[in-house]
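Engineer: My structure is below; once you've seen it, I'll send some questions.
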Amino acid sequence: MGKIIKSKEQWLQELGADVYAVAREKGTERAFSGALYKHSATGQYTCVCCGQPLFKSLSKYDSGCGWPSFFTPINDTAIIEHHDATHGMERIEVVCSQCDAHLGHVFPDGPQPTGLRYCINSASLGFDKEKE
């Protein structure tokens with residue numbers, strides 16, 4: 001499947017202003033404020049823009065940073081990494097590989113087995129609960 005491309009107006013209408021600001025304009029939600037920060041159901045976290053699966057609930061952990069944190073994406077192709085030198089910091093931004101939605105950043109201070117912390121905005125995520 002190819003990239004999902006929509007106009008600013010289409011994304012804004014589908015997502016609403018708050019989610020649009022985070023997912024399409026590289027914003028961030030306030031720490032500890034996101035609906036999925038303390039979320040603990042079993043299932044998979046998806047891209048709010050296109051529905052692509054991004055993370056399994058088994059890779060979610062409480063890093064204490066104020067945003068949902070994961071130690072690995074669902075597979076090697078779900079996320080694309082970009083160098084981000086905004087706000088006077090050197091970071092690695094992560095985006096959805098299907099629609100380029102801004103998800104958050106990845107840092108090298110996570111738990112084993114990867115040592116990574118994918119720090120992701122709740123506003124950029126959906127959730128599909130595992131069927132019982």
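Labeling convention for the structure tokens: chains A, B, ... as they appear, residues from 1 per chain, ligands from 1 in order of appearance.
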If we count only C-alpha atoms, what is near segment 16-21 of chain A at a cut-off of 12 Å, once residues fewer than 4 positions away on the same chain are taken out, given as a PyMOL selection string?
Structural biologist: chain A and resi 7-12+25-30+34+47-49+101-103+121-126
Engineer: Okay, now the selection with N, CA, C and O atoms, as a short mmCIF file (atom, residue, chain, number, x, y, z; two decimals), in the first residue's frame?
Structural biologist:
data_model
loop_
_atom_site.label_atom_id
_atom_site.label_comp_id
_atom_site.auth_asym_id
_atom_site.auth_seq_id
_atom_site.Cartn_x
_atom_site.Cartn_y
_atom_site.Cartn_z
N SER A 7 -5.07 16.52 2.09
CA SER A 7 -4.82 17.95 2.27
C SER A 7 -4.93 18.32 3.75
O SER A 7 -5.49 17.57 4.56
N LYS A 8 -4.40 19.46 4.08
CA LYS A 8 -4.49 19.98 5.45
C LYS A 8 -5.95 20.04 5.88
O LYS A 8 -6.30 19.65 7.00
N GLU A 9 -6.81 20.50 5.00
CA GLU A 9 -8.22 20.64 5.31
C GLU A 9 -8.87 19.28 5.59
O GLU A 9 -9.69 19.15 6.50
N GLN A 10 -8.50 18.26 4.80
CA GLN A 10 -9.05 16.91 5.03
C GLN A 10 -8.61 16.36 6.38
O GLN A 10 -9.42 15.83 7.14
N TRP A 11 -7.31 16.48 6.69
CA TRP A 11 -6.81 15.99 7.97
C TRP A 11 -7.48 16.73 9.11
O TRP A 11 -7.90 16.12 10.11
N LEU A 12 -7.58 18.04 9.02
CA LEU A 12 -8.18 18.85 10.08
C LEU A 12 -9.63 18.45 10.32
O LEU A 12 -10.07 18.31 11.47
N GLU A 25 1.13 18.53 12.75
CA GLU A 25 1.99 19.71 12.84
C GLU A 25 3.12 19.54 13.84
O GLU A 25 3.72 20.52 14.28
N LYS A 26 3.38 18.28 14.25
CA LYS A 26 4.50 17.94 15.12
C LYS A 26 4.43 18.60 16.49
O LYS A 26 5.44 18.98 17.08
N GLY A 27 3.22 18.73 17.01
CA GLY A 27 3.04 19.29 18.34
C GLY A 27 3.26 18.22 19.40
O GLY A 27 3.68 17.10 19.11
N THR A 28 2.96 18.57 20.63
CA THR A 28 3.02 17.60 21.72
C THR A 28 1.93 17.94 22.72
O THR A 28 1.53 19.09 22.85
N GLU A 29 1.45 16.92 23.38
CA GLU A 29 0.48 17.14 24.45
C GLU A 29 1.23 17.36 25.76
O GLU A 29 2.40 16.98 25.87
N ARG A 30 0.58 17.96 26.72
CA ARG A 30 1.21 18.17 28.03
C ARG A 30 1.51 16.82 28.68
O ARG A 30 0.74 15.87 28.57
N GLY A 34 -2.32 12.81 28.58
CA GLY A 34 -2.89 12.01 27.50
C GLY A 34 -3.76 10.87 27.99
O GLY A 34 -3.50 10.24 29.01
N CYS A 47 -2.04 4.08 14.64
CA CYS A 47 -1.93 5.47 14.22
C CYS A 47 -3.33 6.09 14.19
O CYS A 47 -4.24 5.53 13.57
N VAL A 48 -3.51 7.23 14.84
CA VAL A 48 -4.80 7.89 14.88
C VAL A 48 -5.22 8.39 13.50
O VAL A 48 -6.40 8.52 13.21
N CYS A 49 -4.27 8.63 12.62
CA CYS A 49 -4.57 9.16 11.30
C CYS A 49 -4.98 8.10 10.29
O CYS A 49 -5.89 8.31 9.50
N ALA A 101 2.34 10.62 10.05
CA ALA A 101 1.86 11.30 11.26
C ALA A 101 2.99 11.37 12.28
O ALA A 101 3.72 10.40 12.49
N HIS A 102 3.13 12.52 12.93
CA HIS A 102 4.10 12.68 14.01
C HIS A 102 3.60 11.88 15.21
O HIS A 102 2.46 12.05 15.67
N LEU A 103 4.45 11.00 15.73
CA LEU A 103 4.10 10.18 16.88
C LEU A 103 4.77 10.68 18.15
O LEU A 103 4.16 10.74 19.20
N ASN A 121 2.96 10.49 21.83
CA ASN A 121 1.80 11.28 22.22
C ASN A 121 0.53 10.43 22.16
O ASN A 121 0.27 9.77 21.16
N SER A 122 -0.27 10.47 23.22
CA SER A 122 -1.57 9.79 23.21
C SER A 122 -2.43 10.28 22.05
O SER A 122 -3.18 9.51 21.45
N ALA A 123 -2.33 11.58 21.75
CA ALA A 123 -3.15 12.17 20.69
C ALA A 123 -2.85 11.56 19.32
O ALA A 123 -3.70 11.60 18.42
N SER A 124 -1.68 10.97 19.16
CA SER A 124 -1.30 10.36 17.88
C SER A 124 -1.72 8.89 17.78
O SER A 124 -1.49 8.25 16.76
N LEU A 125 -2.29 8.37 18.86
CA LEU A 125 -2.58 6.94 18.92
C LEU A 125 -4.07 6.63 19.01
O LEU A 125 -4.84 7.37 19.62
N GLY A 126 -4.43 5.50 18.42
CA GLY A 126 -5.71 4.85 18.66
C GLY A 126 -5.40 3.55 19.38
O GLY A 126 -4.23 3.21 19.59
#
Engineer: When you look at Val106 of chain A with a cut-off of 9 Å (counting only C-alpha atoms), what residues show up, excluding the ones that are within fewer than 5 positions of it in the same chain? I need them as a list in words.
Structural biologist: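 After dropping sequence-adjacent residues, the list is Glu81, Arg91, Ile92, Glu93, Val94, Leu116, Arg117, Tyr118, Cys119 and Ile120 of chain A.
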Engineer: Excluding Asp76 of chain A and residues on its chain fewer than 5 positions from it, collect all residues at most 12 Å away from it, counting only C-alpha atoms, and give them as a list in words.
Structural biologist: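 Using only C-alpha atoms, the neighbours found are Pro53, Leu54, Phe55, Glu81, Cys96 and Ser97 of chain A.
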Engineer: When DSSP is applied to the backbone of this structure, which of chain A are assigned helix (DSSP H, G or I)? Write them out as a PyMOL selection string.
Structural biologist: chain A and resi 8-15+17-23+57-59+86-88+122-124
Engineer: Would you give me, as a PyMOL selection string, the residues in chain A that DSSP reads as strand (DSSP E)?
Structural biologist: chain A and resi 43-47+53-56+60-61+69-70+79-84+91-96+102-107+117-120+125-129
Engineer: Counting only C-alpha atoms, which residue out of A:Ala23, A:Ser69, A:Glu14, A:Thr114 sits closest to Ser40 of chain A?
Structural biologist: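 Counting only C-alpha atoms, the residue closest to Ser40 of chain A is A:Ser69.
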